[in-house]
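Asker: Supplied structure: data-v1.cif, mmCIF, C-alpha atoms and all ligand atoms.
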```cif
data_my_file
loop_
_atom_site.label_atom_id
_atom_site.label_comp_id
_atom_site.auth_asym_id
_atom_site.auth_seq_id
_atom_site.Cartn_x
_atom_site.Cartn_y
_atom_site.Cartn_z
CA MET A 622 -35.39 -9.13 -29.04
CA ASP A 623 -35.90 -10.87 -25.73
CA PRO A 624 -38.77 -9.57 -23.60
CA ILE A 625 -36.64 -8.55 -20.66
CA SER A 626 -34.29 -6.37 -22.63
CA SER A 627 -37.05 -4.70 -24.63
CA ARG A 628 -39.02 -3.90 -21.45
CA GLN A 629 -35.88 -2.60 -19.81
CA GLN A 630 -35.25 -0.35 -22.78
CA LEU A 631 -38.55 1.35 -21.99
CA SER A 632 -37.15 2.51 -18.68
CA THR A 633 -34.48 4.53 -20.48
CA SER A 634 -36.96 6.17 -22.85
CA LYS A 635 -37.16 9.92 -22.44
CA ARG A 636 -40.09 11.01 -24.57
CA TRP A 637 -43.51 9.44 -24.20
CA VAL A 638 -46.82 10.06 -25.91
CA ILE A 639 -49.58 8.84 -23.62
CA LYS A 640 -52.97 8.35 -25.21
CA ILE A 641 -56.01 8.11 -22.97
CA GLY A 642 -59.11 6.74 -24.65
CA SER A 643 -62.75 7.78 -24.31
CA ALA A 644 -63.71 4.41 -22.89
CA LEU A 645 -61.44 5.12 -19.90
CA LEU A 646 -61.87 8.82 -19.43
CA THR A 647 -65.57 8.80 -18.91
CA ASP A 648 -67.24 7.54 -15.84
CA ASN A 649 -69.40 4.89 -17.50
CA GLY A 650 -70.54 7.53 -19.93
CA ARG A 651 -71.40 9.98 -17.14
CA GLY A 652 -68.96 12.79 -17.82
CA VAL A 653 -65.27 12.99 -17.16
CA ASN A 654 -63.74 10.70 -14.56
CA ARG A 655 -61.98 13.35 -12.49
CA ALA A 656 -60.49 10.95 -9.97
CA ALA A 657 -58.83 8.95 -12.74
CA ILE A 658 -57.44 12.09 -14.39
CA TYR A 659 -56.04 13.32 -11.06
CA ASN A 660 -54.38 9.98 -10.59
CA TRP A 661 -52.74 9.93 -14.05
CA ALA A 662 -51.72 13.57 -13.64
CA GLY A 663 -49.97 12.65 -10.39
CA GLN A 664 -48.05 9.84 -12.07
CA ILE A 665 -47.11 11.96 -15.09
CA SER A 666 -45.97 14.80 -12.84
CA ALA A 667 -43.64 12.37 -11.06
CA LEU A 668 -42.16 11.41 -14.44
CA ARG A 669 -41.73 15.05 -15.43
CA ARG A 670 -39.76 15.61 -12.26
CA GLN A 671 -37.42 12.81 -13.38
CA GLY A 672 -36.83 14.65 -16.64
CA ILE A 673 -39.08 12.43 -18.76
CA GLU A 674 -41.08 14.34 -21.37
CA VAL A 675 -44.74 13.47 -21.69
CA LEU A 676 -47.31 14.48 -24.27
CA LEU A 677 -50.89 13.55 -23.61
CA VAL A 678 -53.31 12.68 -26.37
CA SER A 679 -56.65 12.77 -24.64
CA SER A 680 -60.02 11.75 -26.00
CA GLY A 681 -63.23 12.40 -24.14
CA ALA A 682 -64.42 15.72 -25.56
CA VAL A 683 -67.56 14.32 -27.16
CA ALA A 684 -68.39 12.17 -24.15
CA ALA A 685 -67.83 15.06 -21.73
CA GLY A 686 -69.90 17.38 -23.91
CA MET A 687 -72.76 14.90 -24.14
CA ASP A 688 -72.85 14.73 -20.37
CA ARG A 689 -72.82 18.51 -19.99
CA LEU A 690 -75.60 18.86 -22.56
CA GLY A 691 -77.65 16.13 -20.90
CA TRP A 692 -77.58 13.86 -23.95
CA ARG A 693 -77.79 10.18 -23.17
CA ARG A 694 -76.88 8.74 -26.55
CA ARG A 695 -74.03 9.66 -28.85
CA PRO A 696 -75.60 11.76 -31.62
CA GLU A 697 -75.34 10.66 -35.25
CA SER A 698 -75.08 14.05 -36.89
CA MET A 699 -71.66 15.55 -37.42
CA HIS A 700 -72.77 19.00 -36.26
CA GLN A 701 -74.14 17.68 -33.02
CA LEU A 702 -70.94 15.72 -32.42
CA GLN A 703 -68.92 18.85 -33.10
CA ALA A 704 -71.06 20.91 -30.76
CA ALA A 705 -70.66 18.29 -28.04
CA ALA A 706 -66.90 18.24 -28.62
CA ALA A 707 -66.73 22.04 -28.27
CA VAL A 708 -68.60 21.97 -24.98
CA GLY A 709 -66.69 18.95 -23.70
CA GLN A 710 -63.19 20.00 -24.73
CA SER A 711 -63.20 23.15 -22.64
CA HIS A 712 -64.32 21.16 -19.63
CA LEU A 713 -61.74 18.45 -20.27
CA VAL A 714 -58.79 20.87 -20.44
CA GLN A 715 -60.02 22.64 -17.36
CA VAL A 716 -59.88 19.33 -15.45
CA TYR A 717 -56.36 18.61 -16.76
CA GLU A 718 -55.16 22.14 -15.96
CA HIS A 719 -56.41 21.80 -12.42
CA ALA A 720 -55.10 18.27 -11.95
CA PHE A 721 -51.58 19.14 -13.12
CA GLY A 722 -51.75 22.50 -11.35
CA GLN A 723 -51.72 20.61 -8.07
CA HIS A 724 -48.21 19.49 -9.00
CA ASP A 725 -47.19 22.94 -10.28
CA ILE A 726 -47.13 21.74 -13.86
CA ARG A 727 -48.66 23.75 -16.69
CA THR A 728 -50.74 22.14 -19.40
CA ALA A 729 -51.14 23.38 -22.96
CA GLN A 730 -54.14 22.60 -25.15
CA ILE A 731 -53.31 21.62 -28.72
CA LEU A 732 -56.03 20.76 -31.20
CA LEU A 733 -54.83 19.25 -34.45
CA ASP A 734 -56.46 18.33 -37.72
CA HIS A 735 -55.31 16.44 -40.75
CA ASP A 736 -53.94 19.53 -42.54
CA ASP A 737 -51.75 20.38 -39.57
CA LEU A 738 -49.89 17.14 -40.05
CA SER A 739 -49.87 16.89 -43.85
CA ASN A 740 -48.90 20.48 -44.73
CA ARG A 741 -45.13 20.85 -44.26
CA THR A 742 -45.10 24.35 -42.84
CA ARG A 743 -47.88 23.62 -40.38
CA TYR A 744 -46.27 20.28 -39.51
CA LEU A 745 -43.03 22.03 -38.64
CA ASN A 746 -44.80 24.77 -36.72
CA ALA A 747 -46.71 22.20 -34.68
CA ARG A 748 -43.46 20.36 -34.08
CA SER A 749 -41.55 23.46 -32.98
CA THR A 750 -44.34 24.62 -30.68
CA ILE A 751 -44.65 21.23 -29.05
CA ARG A 752 -40.90 20.94 -28.59
CA THR A 753 -40.83 24.41 -27.05
CA LEU A 754 -43.63 23.46 -24.65
CA LEU A 755 -41.74 20.34 -23.62
CA SER A 756 -38.58 22.32 -23.01
CA LEU A 757 -40.62 24.65 -20.81
CA GLY A 758 -41.73 21.71 -18.72
CA ALA A 759 -45.38 21.90 -19.83
CA VAL A 760 -47.54 18.90 -20.63
CA PRO A 761 -49.26 19.32 -24.01
CA VAL A 762 -52.82 17.96 -23.96
CA ILE A 763 -53.66 17.08 -27.54
CA ASN A 764 -56.94 16.15 -29.17
CA GLU A 765 -58.37 16.20 -32.65
CA ASN A 766 -59.84 19.58 -33.57
CA ASP A 767 -63.29 17.97 -33.67
CA THR A 768 -65.24 21.20 -34.12
CA VAL A 769 -63.77 22.01 -37.53
CA VAL A 770 -62.94 18.70 -39.17
CA THR A 771 -65.16 17.21 -41.85
CA GLU A 772 -65.99 13.53 -42.23
CA GLU A 773 -63.47 13.12 -45.05
CA ILE A 774 -60.48 14.41 -43.14
CA ARG A 775 -61.14 13.09 -39.63
CA PHE A 776 -58.63 10.96 -37.83
CA GLY A 777 -61.75 9.70 -36.03
CA ASP A 778 -60.04 7.65 -33.41
CA ASN A 779 -57.31 9.09 -31.26
CA ASP A 780 -55.08 6.02 -31.56
CA THR A 781 -54.14 7.21 -35.04
CA LEU A 782 -53.66 10.76 -33.79
CA GLY A 783 -51.44 9.45 -30.97
CA ALA A 784 -49.26 7.62 -33.49
CA LEU A 785 -48.97 10.66 -35.75
CA VAL A 786 -48.00 12.77 -32.75
CA ALA A 787 -45.37 10.15 -31.86
CA ASN A 788 -44.03 10.54 -35.42
CA LEU A 789 -44.21 14.33 -35.20
CA VAL A 790 -42.07 14.56 -32.08
CA GLU A 791 -40.11 11.34 -32.70
CA ALA A 792 -41.26 9.93 -29.39
CA ASP A 793 -39.59 6.85 -27.96
CA VAL A 794 -42.83 5.28 -26.82
CA LEU A 795 -46.54 5.52 -27.54
CA LEU A 796 -48.40 4.38 -24.42
CA ILE A 797 -52.06 3.66 -25.09
CA LEU A 798 -54.22 3.51 -21.98
CA THR A 799 -57.54 1.82 -22.53
CA ASP A 800 -60.23 -0.21 -20.76
CA ALA A 801 -58.75 -3.61 -21.72
CA ASP A 802 -55.53 -4.93 -20.18
CA GLY A 803 -53.80 -5.06 -23.55
CA LEU A 804 -54.23 -6.85 -26.85
CA PHE A 805 -55.70 -10.32 -26.37
CA THR A 806 -55.72 -13.15 -28.87
CA ALA A 807 -59.44 -12.36 -29.29
CA ASP A 808 -61.78 -9.73 -27.83
CA PRO A 809 -61.98 -10.83 -24.16
CA ARG A 810 -65.58 -9.63 -24.01
CA ASP A 811 -66.55 -12.42 -26.41
CA ASN A 812 -63.94 -14.96 -25.50
CA PRO A 813 -62.98 -15.36 -21.84
CA ALA A 814 -60.25 -17.85 -22.80
CA ALA A 815 -58.43 -15.20 -24.85
CA GLU A 816 -54.83 -14.67 -23.77
CA LEU A 817 -52.84 -11.50 -23.42
CA VAL A 818 -50.22 -10.91 -26.13
CA ARG A 819 -47.24 -9.74 -24.11
CA GLU A 820 -44.92 -8.75 -26.92
CA ALA A 821 -44.94 -8.79 -30.72
CA VAL A 822 -43.56 -7.00 -33.72
CA ALA A 823 -46.13 -4.34 -34.63
CA THR A 824 -46.27 -5.39 -38.27
CA ASP A 825 -46.95 -9.08 -37.47
CA PRO A 826 -49.97 -9.83 -39.71
CA ARG A 827 -51.50 -12.14 -37.09
CA LEU A 828 -52.26 -9.17 -34.83
CA ALA A 829 -54.87 -7.66 -37.14
CA ALA A 830 -56.85 -10.90 -37.03
CA MET A 831 -56.94 -10.77 -33.21
CA ALA A 832 -57.91 -7.13 -32.85
CA GLY A 833 -61.60 -6.31 -32.95
CA ASP A 834 -63.77 -3.18 -32.79
CA SER A 835 -64.89 -1.05 -29.90
CA ARG A 836 -67.94 -2.18 -27.95
CA SER A 837 -68.31 0.45 -25.30
CA GLY A 838 -70.24 2.93 -27.45
CA LEU A 839 -67.77 5.51 -26.13
CA GLY A 840 -64.51 4.54 -27.78
CA ARG A 841 -64.09 4.61 -31.53
CA GLY A 842 -61.60 2.20 -32.93
CA GLY A 843 -61.23 -0.75 -30.57
CA MET A 844 -58.01 -2.75 -30.77
CA ALA A 845 -57.89 -2.65 -34.55
CA THR A 846 -56.92 1.04 -34.60
CA LYS A 847 -54.45 0.48 -31.75
CA VAL A 848 -52.55 -2.16 -33.71
CA ARG A 849 -52.53 0.10 -36.76
CA ALA A 850 -51.36 2.97 -34.56
CA ALA A 851 -48.47 0.82 -33.31
CA GLN A 852 -47.49 0.17 -36.93
CA LEU A 853 -47.57 3.88 -37.73
CA ALA A 854 -45.62 4.78 -34.60
CA ALA A 855 -43.01 2.14 -35.44
CA ARG A 856 -42.20 3.98 -38.67
CA SER A 857 -40.37 6.64 -36.68
CA GLY A 858 -38.93 4.06 -34.31
CA ALA A 859 -41.47 4.33 -31.47
CA ARG A 860 -42.45 1.30 -29.43
CA THR A 861 -46.09 1.02 -28.42
CA VAL A 862 -47.52 -0.31 -25.17
CA ILE A 863 -51.25 -1.00 -24.90
CA VAL A 864 -52.36 -1.36 -21.31
CA GLY A 865 -55.34 -1.10 -18.94
CA GLY A 866 -55.44 2.47 -17.66
CA THR A 867 -57.10 1.60 -14.36
CA ASN A 868 -54.27 -0.61 -13.10
CA GLU A 869 -52.65 0.93 -10.08
CA SER A 870 -49.72 3.26 -10.87
CA VAL A 871 -49.88 1.90 -14.39
CA ILE A 872 -47.95 4.69 -16.09
CA GLU A 873 -45.09 4.68 -13.61
CA ARG A 874 -44.88 0.90 -13.71
CA VAL A 875 -44.72 0.69 -17.51
CA VAL A 876 -42.14 3.47 -17.58
CA ALA A 877 -40.11 1.54 -15.01
CA GLY A 878 -40.03 -1.42 -17.41
CA GLU A 879 -42.59 -3.65 -15.68
CA ASP A 880 -44.10 -6.33 -17.89
CA LEU A 881 -47.67 -4.98 -18.14
CA GLY A 882 -50.00 -4.99 -21.15
CA THR A 883 -48.83 -5.54 -24.71
CA LEU A 884 -45.54 -4.25 -26.10
CA LEU A 885 -45.47 -3.80 -29.89
CA LEU A 886 -42.03 -3.24 -31.35
CA PRO A 887 -40.72 -1.69 -34.55
CA GLU A 888 -39.22 -4.16 -36.99
CA ALA A 889 -35.92 -2.31 -37.34
CA ASP A 890 -33.91 -1.01 -34.42
CA PRO A 891 -35.55 2.26 -33.29
CA LEU A 892 -32.71 4.58 -34.23
CA THR A 893 -32.41 3.18 -37.74
CA ALA A 894 -36.19 3.40 -38.14
CA ARG A 895 -36.19 6.99 -36.92
CA LYS A 896 -33.47 8.11 -39.30
CA ARG A 897 -35.07 6.29 -42.18
CA TRP A 898 -38.32 8.03 -41.30
CA LEU A 899 -36.80 11.49 -41.34
CA ALA A 900 -34.77 10.83 -44.47
CA GLY A 901 -37.59 9.14 -46.32
CA GLN A 902 -40.15 11.85 -45.72
CA LEU A 903 -39.16 14.22 -48.47
CA GLN A 904 -37.09 14.74 -51.58
CA VAL A 905 -33.84 16.63 -51.23
CA ARG A 906 -34.54 20.16 -52.51
CA GLY A 907 -31.22 21.90 -52.17
CA ARG A 908 -27.70 21.83 -50.91
CA LEU A 909 -25.75 23.63 -48.20
CA ARG A 910 -21.97 23.72 -48.51
CA LEU A 911 -20.31 23.56 -45.11
CA ASP A 912 -16.89 24.79 -44.04
CA ALA A 913 -14.60 22.46 -42.12
CA GLY A 914 -15.65 23.86 -38.72
CA ALA A 915 -19.33 23.23 -39.40
CA GLU A 916 -18.60 19.71 -40.61
CA ARG A 917 -16.76 18.99 -37.34
CA ALA A 918 -19.52 20.56 -35.24
CA LEU A 919 -22.08 18.28 -36.86
CA ARG A 920 -20.05 15.11 -37.01
CA GLU A 921 -18.12 15.26 -33.76
CA GLN A 922 -20.19 17.40 -31.44
CA GLY A 923 -23.75 16.61 -32.53
CA LYS A 924 -24.51 20.32 -32.92
CA SER A 925 -27.10 22.18 -34.97
CA LEU A 926 -26.04 23.77 -38.24
CA LEU A 927 -25.60 27.53 -37.87
CA PRO A 928 -25.49 29.89 -40.87
CA VAL A 929 -21.96 30.98 -39.94
CA GLY A 930 -20.56 27.59 -40.99
CA VAL A 931 -22.29 27.52 -44.38
CA VAL A 932 -20.34 28.73 -47.39
CA ALA A 933 -23.14 28.56 -49.96
CA ALA A 934 -26.81 27.63 -50.31
CA GLU A 935 -27.68 26.06 -53.66
CA GLY A 936 -30.99 25.14 -55.27
CA ARG A 937 -34.48 26.43 -54.54
CA PHE A 938 -36.07 25.28 -51.32
CA HIS A 939 -38.62 26.43 -48.80
CA ARG A 940 -38.53 26.42 -45.04
CA GLY A 941 -39.27 22.90 -43.82
CA GLU A 942 -37.90 21.14 -46.89
CA LEU A 943 -35.14 18.58 -46.87
CA VAL A 944 -31.68 19.75 -47.89
CA SER A 945 -28.39 17.99 -48.18
CA CYS A 946 -25.25 19.22 -46.39
CA VAL A 947 -21.96 18.68 -48.19
CA ASN A 948 -18.40 19.23 -46.98
CA GLU A 949 -15.56 21.07 -48.70
CA ALA A 950 -14.79 17.96 -50.74
CA GLY A 951 -18.39 17.83 -51.98
CA GLU A 952 -19.23 14.70 -49.94
CA GLU A 953 -22.67 14.52 -48.36
CA VAL A 954 -22.32 14.55 -44.57
CA ALA A 955 -25.89 15.12 -43.42
CA ARG A 956 -29.46 15.83 -44.41
CA GLY A 957 -31.95 17.92 -42.57
CA LEU A 958 -35.07 20.05 -42.54
CA VAL A 959 -34.09 23.63 -43.15
CA ASN A 960 -35.44 26.59 -41.17
CA TYR A 961 -35.17 29.19 -43.94
CA ASP A 962 -36.05 29.52 -47.65
CA SER A 963 -33.18 29.33 -50.15
CA GLY A 964 -33.17 33.12 -50.78
CA GLU A 965 -32.95 33.77 -47.06
CA ALA A 966 -30.31 31.09 -46.56
CA GLN A 967 -28.16 32.77 -49.22
CA LYS A 968 -28.40 36.08 -47.38
CA ILE A 969 -27.46 34.70 -43.97
CA CYS A 970 -24.88 32.07 -44.85
CA GLY A 971 -21.43 32.88 -43.48
CA GLN A 972 -23.02 35.24 -40.94
CA PRO A 973 -23.35 34.96 -37.17
CA SER A 974 -26.90 34.17 -36.01
CA GLU A 975 -27.14 37.50 -34.16
CA ARG A 976 -27.26 39.20 -37.57
CA ILE A 977 -30.27 37.23 -38.85
CA VAL A 978 -32.84 39.86 -37.83
CA GLU A 979 -30.75 42.66 -39.35
CA LEU A 980 -30.32 40.74 -42.61
CA LEU A 981 -33.84 39.32 -43.00
CA GLY A 982 -35.99 41.55 -40.85
CA TYR A 983 -37.07 38.58 -38.71
CA ARG A 984 -35.67 35.42 -37.21
CA ASP A 985 -36.98 31.88 -37.34
CA GLY A 986 -34.39 30.26 -35.11
CA ASP A 987 -30.64 30.68 -34.74
CA GLU A 988 -29.95 27.54 -36.74
CA LEU A 989 -30.25 26.84 -40.42
CA ILE A 990 -30.98 23.24 -39.39
CA HIS A 991 -31.73 22.30 -35.81
CA ARG A 992 -29.93 19.16 -34.65
CA ASP A 993 -33.27 17.47 -33.92
CA ASN A 994 -34.04 17.76 -37.63
CA LEU A 995 -30.63 16.62 -38.81
CA ILE A 996 -29.41 13.15 -39.76
CA LEU A 997 -25.71 12.48 -40.11
CA LEU A 998 -24.81 10.18 -42.97
N1 LIG A 1001 -58.23 -8.63 -29.25
C1 LIG A 1001 -58.69 -7.72 -28.38
N2 LIG A 1001 -58.08 -7.57 -27.18
C2 LIG A 1001 -58.52 -6.65 -26.29
N3 LIG A 1001 -59.57 -5.83 -26.51
C3 LIG A 1001 -60.22 -5.92 -27.69
C4 LIG A 1001 -59.80 -6.87 -28.68
N4 LIG A 1001 -60.60 -6.72 -29.75
C5 LIG A 1001 -61.48 -5.73 -29.47
N5 LIG A 1001 -61.28 -5.24 -28.23
C6 LIG A 1001 -62.07 -4.16 -27.63
O1 LIG A 1001 -61.37 -2.91 -27.70
C7 LIG A 1001 -61.85 -2.08 -26.65
C8 LIG A 1001 -60.94 -0.91 -26.43
O2 LIG A 1001 -61.04 0.00 -27.52
P1 LIG A 1001 -61.97 1.32 -27.48
O3 LIG A 1001 -63.33 1.01 -26.98
O4 LIG A 1001 -61.85 1.99 -28.81
O5 LIG A 1001 -61.25 2.15 -26.34
P2 LIG A 1001 -60.52 3.58 -26.30
O6 LIG A 1001 -61.58 4.59 -26.16
O7 LIG A 1001 -59.66 3.43 -25.09
O8 LIG A 1001 -59.74 3.75 -27.56
C9 LIG A 1001 -61.95 -3.06 -25.49
O9 LIG A 1001 -62.85 -2.64 -24.52
C10 LIG A 1001 -62.36 -4.40 -26.16
O10 LIG A 1001 -63.72 -4.66 -26.05
N1 LIG A 1002 -61.68 13.43 -30.48
C1 LIG A 1002 -62.67 12.57 -29.88
C2 LIG A 1002 -62.04 11.23 -29.59
C3 LIG A 1002 -62.42 10.13 -30.48
C4 LIG A 1002 -62.36 8.82 -29.70
O1 LIG A 1002 -63.26 8.50 -28.95
O2 LIG A 1002 -61.18 8.15 -29.80
P1 LIG A 1002 -60.77 6.83 -28.97
O3 LIG A 1002 -60.65 7.21 -27.56
O4 LIG A 1002 -59.46 6.50 -29.56
O5 LIG A 1002 -61.72 5.74 -29.19
C5 LIG A 1002 -63.15 13.14 -28.52
O6 LIG A 1002 -62.40 13.82 -27.84
O7 LIG A 1002 -64.28 12.86 -28.16
#
```
Would you mind giving the structure from this file in structure tokens?

Answerer:
Amino acid sequence: MDPISSRQQLSTSKRWVIKIGSALLTDNGRGVNRAAIYNWAGQISALRRQGIEVLLVSSGAVAAGMDRLGWRRRPESMHQLQAAAAVGQSHLVQVYEHAFGQHDIRTAQILLDHDDLSNRTRYLNARSTIRTLLSLGAVPVINENDTVVTEEIRFGDNDTLGALVANLVEADVLLILTDADGLFTADPRDNPAAELVREAVATDPRLAAMAGDSRSGLGRGGMATKVRAAQLAARSGARTVIVGGTNESVIERVVAGEDLGTLLLPEADPLTARKRWLAGQLQVRGRLRLDAGAERALREQGKSLLPVGVVAAEGRFHRGELVSCVNEAGEEVARGLVNYDSGEAQKICGQPSERIVELLGYRDGDELIHRDNLILL
């Protein structure tokens, strides 16, 4: 892919996860850098007004908490870190809420842990809630749920969390703002002759050798976790840009396709990667037989699958599992993550969505499979 076209593709991307690291968010370790947050909030608000969806993954809870508690050095003990995160997180979201409030944009705090992303039901709930927030025009502000995680299940660095969020919402781009201007051929703090890597394939093995640890004492993973995050994000087709967060209008410029920082690309074309990602996540657990109208709605109109167009639900599956959709001739036309258990699907198939509450006593969406969770084959 030539650099110009891949940068230009960024300017057509509609869903961005922007990760802001601890090293940037804190004012040299003295609490939260309000001016910087106000500046990013202004840029992100401008993007929202253009219809671009933005999710923020923000670090800084521990650093903000340390400042508020008057601690000068990052504590070693897990409980002290968790206490600092609890104090700092509420301050951090208050600053975001106020900063975005100036542009009439609501923020929504989301704290995630490992289980939220590995348990299917919780994964889907997180996904639906975040999608709903985006459709409402809110900016989700996401961090690790530091106060409850244990050492064994921590993401630890928010680069990894940013990538997993990009997978969760199938973002087009993961934009990592940090205190370096991108990935250099060596850590520029040690090697002033190091050169900026402008563009690479995320899985290029040479990158890992270039990327070192964090030095600031504030950030966690350094460039090593950013390169790994780009590889994770690429699995669902997201491109990653690593860039210096203090550059003027940096977010707007990267979104406009300007050649700033390091662009790390998925190996396959993004759409193929994304479909492979969705399809490869799970085993097929059941089968929905579609009538001809439903087949057309899926194939020709890109619609969601409604119960009314399903003739039969076969197999045993749970909400959130992958099912196959077959046409009247028995050919597989699509696969998707189903919104109802097999017993429920049997009760509502052939019925209009308005009857779901009457038939089941509750409703978990009008669709059996939402189009965002559906891959045509
Ligand atoms: N090859 C490299 N290119 C650029 N920065 C690097 C490289 N290797 C290590 N680093 C370090 O990574 C740091 C950024 O990571 P980190 O401190 O974890 O920040 P954040 O909190 O934003 O995640 C830089 O300040 C830099 O010292
Ligand atoms: N969840 C932690 C963030 C961990 C961290 O510092 O991550 P990173 O900014 O990626 O180096 C916090 O809010 O303090």

Asker: Which of these, A:Asp725, A:Glu888, A:Glu869, A:Asp880, has the shortest distance to Ala851 in chain A once you count all atoms listed in the file?

Answerer: A:Glu888

Asker: Box time for ligand LIG 1002 (chain A): axis-aligned, enclosing all its listed atoms, 3 Å extra on each side; report centre and edge lengths in Å to one decimal, as JSON.

Answerer:
```
{"center_x": -61.9, "center_y": 9.8, "center_z": -29.0, "size_x": 10.8, "size_y": 14.1, "size_z": 8.9}
```

Asker: Please find the residues contacting ligand LIG 1001 (chain A) at a distance of at most 8 Å between atoms, with all atoms listed in the file counted, and report them as a ChimeraX atom specification.

Answerer: /A:641-646,680,778-780,797-810,815,817,831-847

Asker: Point out the residue among A:Arg655, A:Arg984, A:Arg860, A:Arg636 with the least atom-to-atom distance to Leu884 in chain A, counting only C-alpha atoms.

Answerer: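 Among A:Arg655, A:Arg984, A:Arg860, A:Arg636, it is A:Arg860 that comes nearest to Leu884 in chain A.
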
Asker: Counting only C-alpha atoms and all ligand atoms, which of A:Ser666, A:Ser711, A:Ser632, A:Asn740 gets nearest to ligand LIG 1002 (chain A)?

Answerer: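 Closest to ligand LIG 1002 (chain A), using only C-alpha atoms and all ligand atoms: A:Ser711.
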
Asker: Which residue out of A:Thr771, A:Gln852, A:Ser756, A:Thr633 has the minimum interatomic distance to Glu674 in chain A when all atoms listed in the file are used?

Answerer: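 Nearest to Glu674 in chain A: A:Ser756.
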
Asker: From the set A:Gly777, A:Pro696, A:Gly914, A:Gly982, which residue has the shortest atom-to-atom contact distance to Leu733 in chain A, counting all atoms listed in the file?

Answerer: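 Of A:Gly777, A:Pro696, A:Gly914, A:Gly982, the one nearest Leu733 in chain A is A:Gly777, counting all atoms listed in the file.
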
Asker: Grab the CA of Gln664 in chain A to CA of Arg856 in chain A distance for me, in Å with one decimal place.

Answerer: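 Interatomic distance, CA of Gln664 in chain A to CA of Arg856 in chain A: 27.9 Å.
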
Asker: Could you pull the residues within 6 Å of Gly878 in chain A, counting only C-alpha atoms, minus those fewer than 5 positions along the same chain, as a compact mmCIF listing (two decimals) with C-alpha atoms, keeping the file's coordinate frame?

Answerer:
```txt
# COMPACT_ATOMS: atom_id res chain seq x y z
CA ARG A 628 -39.02 -3.90 -21.45
CA GLN A 629 -35.88 -2.60 -19.81
CA LEU A 631 -38.55 1.35 -21.99
CA SER A 632 -37.15 2.51 -18.68
```

Asker: Using all atoms listed in the file, which protein or nucleic acid residues come within 7 Å of Ile969 in chain A? Drop anything in the same chain fewer than 4 positions from it, and give the result as a list in words.

Answerer: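 My reading of the contact set: Pro928, Glu965, Ile977 and Leu980 of chain A.
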
Asker: Measuring atom to atom with all atoms listed in the file, identify which of A:Leu927, A:Leu738, A:Gly865, A:Gly941 is nearest to Gln972 in chain A.

Answerer: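 Smallest separation from Gln972 in chain A among the options: A:Leu927.
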
Asker: So what do you get for CA of Arg849 in chain A versus CA of Val786 in chain A, distance-wise?

Answerer: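 Distance reported for this atom pair: 14.0 Å.
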
Asker: So what do you get for CA of Glu816 in chain A versus CA of Thr867 in chain A, distance-wise?

Answerer: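 CA of Glu816 in chain A sits 18.9 Å away from CA of Thr867 in chain A.
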
Asker: Could I get range 833-868 of chain A from the block written out with C-alpha atoms, as a PDB file, in the first residue's frame?

Answerer:
```pdb
ATOM      1  CA  GLY A 833      11.487  -0.274  24.041  1.00  0.00           C
ATOM      2  CA  ASP A 834       9.944   0.197  27.496  1.00  0.00           C
ATOM      3  CA  SER A 835       8.514   3.226  29.211  1.00  0.00           C
ATOM      4  CA  ARG A 836      10.926   5.570  30.960  1.00  0.00           C
ATOM      5  CA  SER A 837       8.694   8.259  32.342  1.00  0.00           C
ATOM      6  CA  GLY A 838       7.734   6.398  35.517  1.00  0.00           C
ATOM      7  CA  LEU A 839       4.165   7.380  34.635  1.00  0.00           C
ATOM      8  CA  GLY A 840       3.406   5.297  31.567  1.00  0.00           C
ATOM      9  CA  ARG A 841       3.387   1.520  31.694  1.00  0.00           C
ATOM     10  CA  GLY A 842       4.246  -0.219  28.505  1.00  0.00           C
ATOM     11  CA  GLY A 843       6.403   2.060  26.367  1.00  0.00           C
ATOM     12  CA  MET A 844       6.439   1.415  22.626  1.00  0.00           C
ATOM     13  CA  ALA A 845       6.549  -2.352  23.024  1.00  0.00           C
ATOM     14  CA  THR A 846       2.910  -2.518  24.141  1.00  0.00           C
ATOM     15  CA  LYS A 847       1.912  -0.032  21.427  1.00  0.00           C
ATOM     16  CA  VAL A 848       3.306  -2.249  18.679  1.00  0.00           C
ATOM     17  CA  ARG A 849       1.577  -5.265  20.207  1.00  0.00           C
ATOM     18  CA  ALA A 850      -1.628  -3.232  20.461  1.00  0.00           C
ATOM     19  CA  ALA A 851      -1.383  -2.397  16.751  1.00  0.00           C
ATOM     20  CA  GLN A 852      -1.088  -6.123  16.009  1.00  0.00           C
ATOM     21  CA  LEU A 853      -4.150  -6.886  18.126  1.00  0.00           C
ATOM     22  CA  ALA A 854      -6.146  -4.048  16.577  1.00  0.00           C
ATOM     23  CA  ALA A 855      -5.199  -5.250  13.093  1.00  0.00           C
ATOM     24  CA  ARG A 856      -6.967  -8.547  13.759  1.00  0.00           C
ATOM     25  CA  SER A 857     -10.312  -6.819  13.370  1.00  0.00           C
ATOM     26  CA  GLY A 858      -9.034  -4.681  10.525  1.00  0.00           C
ATOM     27  CA  ALA A 859      -8.139  -1.516  12.471  1.00  0.00           C
ATOM     28  CA  ARG A 860      -5.183   0.622  11.467  1.00  0.00           C
ATOM     29  CA  THR A 861      -3.123   2.123  14.272  1.00  0.00           C
ATOM     30  CA  VAL A 862      -1.473   5.533  14.390  1.00  0.00           C
ATOM     31  CA  ILE A 863       1.041   6.311  17.146  1.00  0.00           C
ATOM     32  CA  VAL A 864       1.674  10.019  17.461  1.00  0.00           C
ATOM     33  CA  GLY A 865       2.841  12.767  19.828  1.00  0.00           C
ATOM     34  CA  GLY A 866      -0.234  14.065  21.640  1.00  0.00           C
ATOM     35  CA  THR A 867       1.146  17.559  22.190  1.00  0.00           C
ATOM     36  CA  ASN A 868       1.462  18.407  18.498  1.00  0.00           C
TER      37      ASN A 868
END
```
